[in-house]
$ cat work.cif   # mmCIF, C-alpha atoms
data_structure
#
loop_
_atom_site.label_atom_id
_atom_site.label_comp_id
_atom_site.auth_asym_id
_atom_site.auth_seq_id
_atom_site.Cartn_x
_atom_site.Cartn_y
_atom_site.Cartn_z
CA MET A 13 -28.27 -132.97 158.37
CA ASN A 14 -25.00 -133.38 160.29
CA THR A 15 -22.25 -131.05 158.91
CA ALA A 16 -19.50 -132.07 161.30
CA PRO A 17 -16.28 -133.03 159.48
CA ILE A 18 -15.61 -136.73 159.21
CA PRO A 19 -12.49 -137.62 161.19
CA PRO A 20 -9.80 -139.39 159.15
CA SER A 21 -9.62 -143.13 159.58
CA ALA A 22 -6.62 -144.71 161.29
CA ASP A 23 -5.19 -145.86 157.95
CA GLU A 24 -5.67 -142.48 156.22
CA PRO A 25 -2.35 -140.75 155.38
CA ARG A 26 -1.43 -137.57 157.21
CA TRP A 27 -1.49 -135.37 154.09
CA LEU A 28 0.74 -132.32 153.96
CA ASN A 29 -1.06 -129.05 154.49
CA ALA A 30 -0.55 -126.20 152.02
CA GLU A 31 2.43 -124.72 153.89
CA GLU A 32 4.11 -128.10 154.37
CA GLN A 33 3.57 -128.84 150.68
CA ARG A 34 5.19 -125.49 149.76
CA VAL A 35 8.20 -126.18 152.00
CA TRP A 36 8.60 -129.74 150.69
CA ARG A 37 8.43 -128.71 147.05
CA SER A 38 10.87 -125.85 147.63
CA TYR A 39 13.30 -128.27 149.26
CA ILE A 40 13.02 -130.79 146.39
CA GLU A 41 13.51 -128.08 143.77
CA ALA A 42 16.50 -126.55 145.58
CA ALA A 43 18.15 -129.94 146.24
CA THR A 44 17.74 -130.98 142.60
CA LEU A 45 19.04 -127.67 141.26
CA LEU A 46 21.96 -127.62 143.70
CA GLU A 47 23.06 -131.16 142.80
CA ASP A 48 22.83 -130.29 139.09
CA HIS A 49 24.78 -127.05 139.63
CA LEU A 50 27.58 -128.87 141.46
CA ASP A 51 27.64 -131.74 138.95
CA ARG A 52 27.98 -129.31 136.03
CA GLN A 53 30.78 -127.37 137.77
CA LEU A 54 32.73 -130.55 138.55
CA GLN A 55 32.18 -132.05 135.08
CA ARG A 56 33.42 -128.80 133.52
CA ASP A 57 36.43 -128.38 135.83
CA ALA A 58 37.50 -131.98 136.45
CA GLY A 59 35.45 -134.32 134.24
CA MET A 60 33.78 -136.03 137.19
CA PRO A 61 30.34 -136.05 138.81
CA HIS A 62 29.74 -134.69 142.29
CA VAL A 63 29.55 -138.17 143.85
CA TYR A 64 33.08 -138.98 142.59
CA TYR A 65 34.40 -135.73 144.02
CA GLY A 66 32.87 -136.67 147.38
CA LEU A 67 34.66 -140.03 147.27
CA LEU A 68 38.00 -138.33 146.59
CA VAL A 69 37.41 -135.89 149.45
CA LYS A 70 36.61 -138.70 151.89
CA LEU A 71 39.73 -140.60 150.86
CA ALA A 72 41.85 -137.44 151.19
CA GLU A 73 40.53 -136.94 154.74
CA SER A 74 41.19 -140.56 155.77
CA PRO A 75 44.38 -141.77 157.44
CA ARG A 76 46.97 -142.64 154.79
CA ARG A 77 44.34 -141.56 152.19
CA ARG A 78 42.81 -145.05 152.32
CA LEU A 79 39.49 -146.50 153.39
CA ARG A 80 37.79 -149.88 153.26
CA MET A 81 35.38 -150.04 150.33
CA THR A 82 32.50 -150.86 152.72
CA GLU A 83 33.26 -147.72 154.75
CA LEU A 84 33.45 -145.62 151.59
CA ALA A 85 30.06 -146.97 150.45
CA ARG A 86 28.59 -146.17 153.89
CA TYR A 87 29.96 -142.63 153.74
CA ALA A 88 28.65 -142.01 150.21
CA LYS A 89 25.29 -143.70 150.96
CA ILE A 90 25.49 -145.71 147.73
CA THR A 91 25.33 -149.41 146.95
CA ARG A 92 28.56 -151.36 146.92
CA SER A 93 27.90 -152.11 143.26
CA ARG A 94 27.63 -148.42 142.40
CA LEU A 95 30.74 -147.70 144.47
CA SER A 96 32.65 -150.44 142.66
CA HIS A 97 31.71 -148.87 139.32
CA ALA A 98 32.73 -145.40 140.55
CA VAL A 99 36.06 -146.63 141.89
CA ALA A 100 36.72 -148.47 138.61
CA ARG A 101 36.26 -145.16 136.76
CA LEU A 102 38.50 -143.35 139.24
CA GLU A 103 41.11 -146.12 138.84
CA LYS A 104 40.97 -145.74 135.06
CA ASN A 105 41.78 -142.04 135.53
CA GLY A 106 44.68 -142.95 137.82
CA TRP A 107 43.10 -141.12 140.78
CA VAL A 108 42.39 -144.14 142.99
CA ARG A 109 43.81 -147.62 143.29
CA ARG A 110 42.48 -150.68 145.07
CA GLU A 111 44.40 -152.90 147.39
CA ASP A 112 43.36 -156.18 148.98
CA CYS A 113 42.82 -156.16 152.72
CA PRO A 114 45.39 -158.46 154.36
CA SER A 115 43.11 -159.32 157.31
CA ASP A 116 39.99 -160.02 155.23
CA LYS A 117 40.33 -161.93 151.96
CA ARG A 118 37.08 -160.44 150.60
CA GLY A 119 37.80 -156.87 151.68
CA GLN A 120 39.49 -154.14 149.68
CA PHE A 121 40.83 -150.69 150.34
CA ALA A 122 40.34 -147.70 148.05
CA ILE A 123 43.46 -145.54 148.10
CA LEU A 124 43.74 -141.98 146.79
CA THR A 125 46.80 -141.72 144.53
CA ASP A 126 49.07 -138.70 144.35
CA GLU A 127 47.52 -137.89 140.97
CA GLY A 128 44.03 -138.08 142.50
CA TYR A 129 45.11 -135.84 145.36
CA GLU A 130 46.46 -133.32 142.85
CA VAL A 131 43.18 -133.35 140.89
CA LEU A 132 41.33 -132.75 144.14
CA ARG A 133 43.70 -129.93 145.11
CA ARG A 134 43.20 -128.21 141.73
CA THR A 135 39.42 -128.74 141.70
CA ALA A 136 38.60 -127.81 145.31
CA PRO A 137 38.80 -123.99 144.95
CA GLY A 138 36.26 -123.93 142.10
CA HIS A 139 34.00 -126.37 143.92
CA VAL A 140 34.09 -124.35 147.14
CA ASP A 141 33.32 -121.23 145.12
CA ALA A 142 30.32 -122.98 143.49
CA VAL A 143 29.02 -124.09 146.91
CA ARG A 144 29.54 -120.66 148.41
CA GLN A 145 27.82 -118.91 145.50
CA ALA A 146 24.91 -121.36 145.42
CA VAL A 147 24.24 -121.59 149.16
CA PHE A 148 26.18 -119.51 151.65
CA ASP A 149 26.29 -116.18 149.79
CA ARG A 150 22.47 -116.28 149.57
CA LEU A 151 21.89 -116.79 153.31
CA THR A 152 22.41 -114.66 156.38
CA PRO A 153 24.59 -116.13 159.14
CA GLU A 154 21.40 -116.89 161.11
CA GLN A 155 19.86 -118.70 158.12
CA GLN A 156 23.08 -120.69 157.64
CA LYS A 157 22.96 -121.77 161.29
CA SER A 158 19.28 -122.72 161.01
CA LEU A 159 19.86 -124.67 157.81
CA GLY A 160 22.70 -126.59 159.45
CA GLU A 161 20.57 -127.42 162.49
CA ILE A 162 17.61 -128.49 160.36
CA MET A 163 19.68 -130.72 158.10
CA ARG A 164 21.41 -132.31 161.11
CA ILE A 165 18.02 -133.13 162.68
CA VAL A 166 16.72 -134.61 159.41
CA ALA A 167 19.90 -136.65 158.84
CA GLU A 168 19.95 -137.98 162.42
CA GLY A 169 16.29 -138.96 162.16
CA LEU A 170 16.90 -140.90 158.95
CA GLN A 171 20.07 -142.69 160.09
CA PRO A 172 19.02 -146.27 160.89
CA ARG A 173 20.07 -147.47 164.33
CA GLU A 174 18.97 -151.10 164.22
CA ALA A 175 21.31 -153.86 163.17
CA GLY A 176 20.44 -155.49 159.87
CA ALA A 177 18.67 -152.42 158.47
CA ASP A 178 18.01 -152.61 154.74
CA LEU A 179 20.53 -149.98 153.66
CA PRO A 180 21.71 -149.44 150.07
CA TRP A 181 25.38 -149.34 151.09
CA LEU A 182 25.09 -152.80 152.66
CA ARG A 183 23.76 -154.34 149.42
#

$ encode --input "work.cif" --output "structure tokens"
Amino acid sequence: MNTAPIPPSADEPRWLNAEEQRVWRSYIEAATLLEDHLDRQLQRDAGMPHVYYGLLVKLAESPRRRLRMTELARYAKITRSRLSHAVARLEKNGWVRREDCPSDKRGQFAILTDEGYEVLRRTAPGHVDAVRQAVFDRLTPEQQKSLGEIMRIVAEGLQPREAGADLPWLR
């Protein structure tokens, strides 16, 4: 009787080995817990989810605190529909306003208001403290550097390069 292992067929998935499975599950658990931790901190301190905070930060960092809605969706990696809903909520709070784009009748800008900037200014110290406590205070400087390099490699590998890619923020 032949006891040689049967090689996987060409259409057989490359299953994760035990160590890869451990790393993957640790990543998923940590990412889920971190997002929940940051969401809870921002809901408690500013009444907004983490994704909204990220939108305010991006607007604050943009020239004249304004950005085309399509660019904001691309930055946040969310659908334009989800962005529109988020911006509507931020508008209701008085933190963002929309303005039509003069060069493109269909385009709009999202603009961070002074009130939105003030909310961001008040909220940022607690958010930075939550990030530091959850991530950076737990890692050595070498681990921080490795984590940054690893995440950059993963992000670059996932960033589509071809035109017409099916991306959520283009829908």

$ residues_around --input "work.cif" --residues "region 66-75 of chain A" --least-positions-apart "6" --cutoff "7 Å" --atoms "all atoms listed in the file" --output "list in words"
Ala88, Ile123, Leu124, Tyr129 and Leu132 of chain A

$ atom_distance --input "work.cif" --atom1 "CA of Ser158 (chain A)" --atom2 "CA of Pro61 (chain A)"
28.2 Å

$ residues_around --input "work.cif" --residues "region 48-55 of chain A" --least-positions-apart "6" --cutoff "8 Å" --atoms "all atoms listed in the file" --output "list in words"
Pro61, His62, Tyr65, Thr135, Gly138, His139, Ala142 and Val143 of chain A

$ atom_distance --input "work.cif" --atom1 "CA of Lys157 (chain A)" --atom2 "CA of Pro137 (chain A)"
22.9 Å

$ atom_distance --input "work.cif" --atom1 "CA of Asn105 (chain A)" --atom2 "CA of Met60 (chain A)"
10.1 Å

$ closest_residue --input "work.cif" --among "A:Ile162, A:Ala146, A:Ala167, A:His97" --to "Ala43 (chain A)" --atoms "only C-alpha atoms"
A:Ala146

$ closest_residue --input "work.cif" --among "A:Arg56, A:Lys104, A:Arg109, A:Arg37" --to "Asp126 (chain A)" --atoms "all atoms listed in the file"
A:Arg109

$ closest_residue --input "work.cif" --among "A:Gly169, A:Gly160, A:Pro25, A:Gly59" --to "Arg101 (chain A)" --atoms "all atoms listed in the file"
A:Gly59

$ closest_residue --input "work.cif" --among "A:Phe121, A:Phe148, A:Val140, A:Pro153" --to "Glu83 (chain A)" --atoms "only C-alpha atoms"
A:Phe121

$ closest_residue --input "work.cif" --among "A:Arg133, A:Gly119, A:Trp36, A:Glu31" --to "Arg92 (chain A)" --atoms "all atoms listed in the file"
A:Gly119

$ residues_near_point --input "work.cif" --point "(33.2, -148.1, 145.5)" --cutoff "9 Å" --atoms "all atoms listed in the file" --output "PDB file with C-alpha atoms, in the frame of the given file"
ATOM      1  CA  LEU A  67      34.660-140.030 147.270  1.00  0.00           C
ATOM      2  CA  MET A  81      35.380-150.040 150.330  1.00  0.00           C
ATOM      3  CA  THR A  82      32.500-150.860 152.720  1.00  0.00           C
ATOM      4  CA  LEU A  84      33.450-145.620 151.590  1.00  0.00           C
ATOM      5  CA  ALA A  85      30.060-146.970 150.450  1.00  0.00           C
ATOM      6  CA  ALA A  88      28.650-142.010 150.210  1.00  0.00           C
ATOM      7  CA  ILE A  90      25.490-145.710 147.730  1.00  0.00           C
ATOM      8  CA  THR A  91      25.330-149.410 146.950  1.00  0.00           C
ATOM      9  CA  ARG A  92      28.560-151.360 146.920  1.00  0.00           C
ATOM     10  CA  SER A  93      27.900-152.110 143.260  1.00  0.00           C
ATOM     11  CA  ARG A  94      27.630-148.420 142.400  1.00  0.00           C
ATOM     12  CA  LEU A  95      30.740-147.700 144.470  1.00  0.00           C
ATOM     13  CA  SER A  96      32.650-150.440 142.660  1.00  0.00           C
ATOM     14  CA  HIS A  97      31.710-148.870 139.320  1.00  0.00           C
ATOM     15  CA  ALA A  98      32.730-145.400 140.550  1.00  0.00           C
ATOM     16  CA  VAL A  99      36.060-146.630 141.890  1.00  0.00           C
ATOM     17  CA  ALA A 100      36.720-148.470 138.610  1.00  0.00           C
ATOM     18  CA  ALA A 122      40.340-147.700 148.050  1.00  0.00           C
TER      19      ALA A 122
END

$ residues_around --input "work.cif" --residues "Tyr39 (chain A)" --least-positions-apart "5" --cutoff "12 Å" --atoms "only C-alpha atoms" --output "PyMOL selection string"
chain A and resi 32-34+44-46+159+162-163
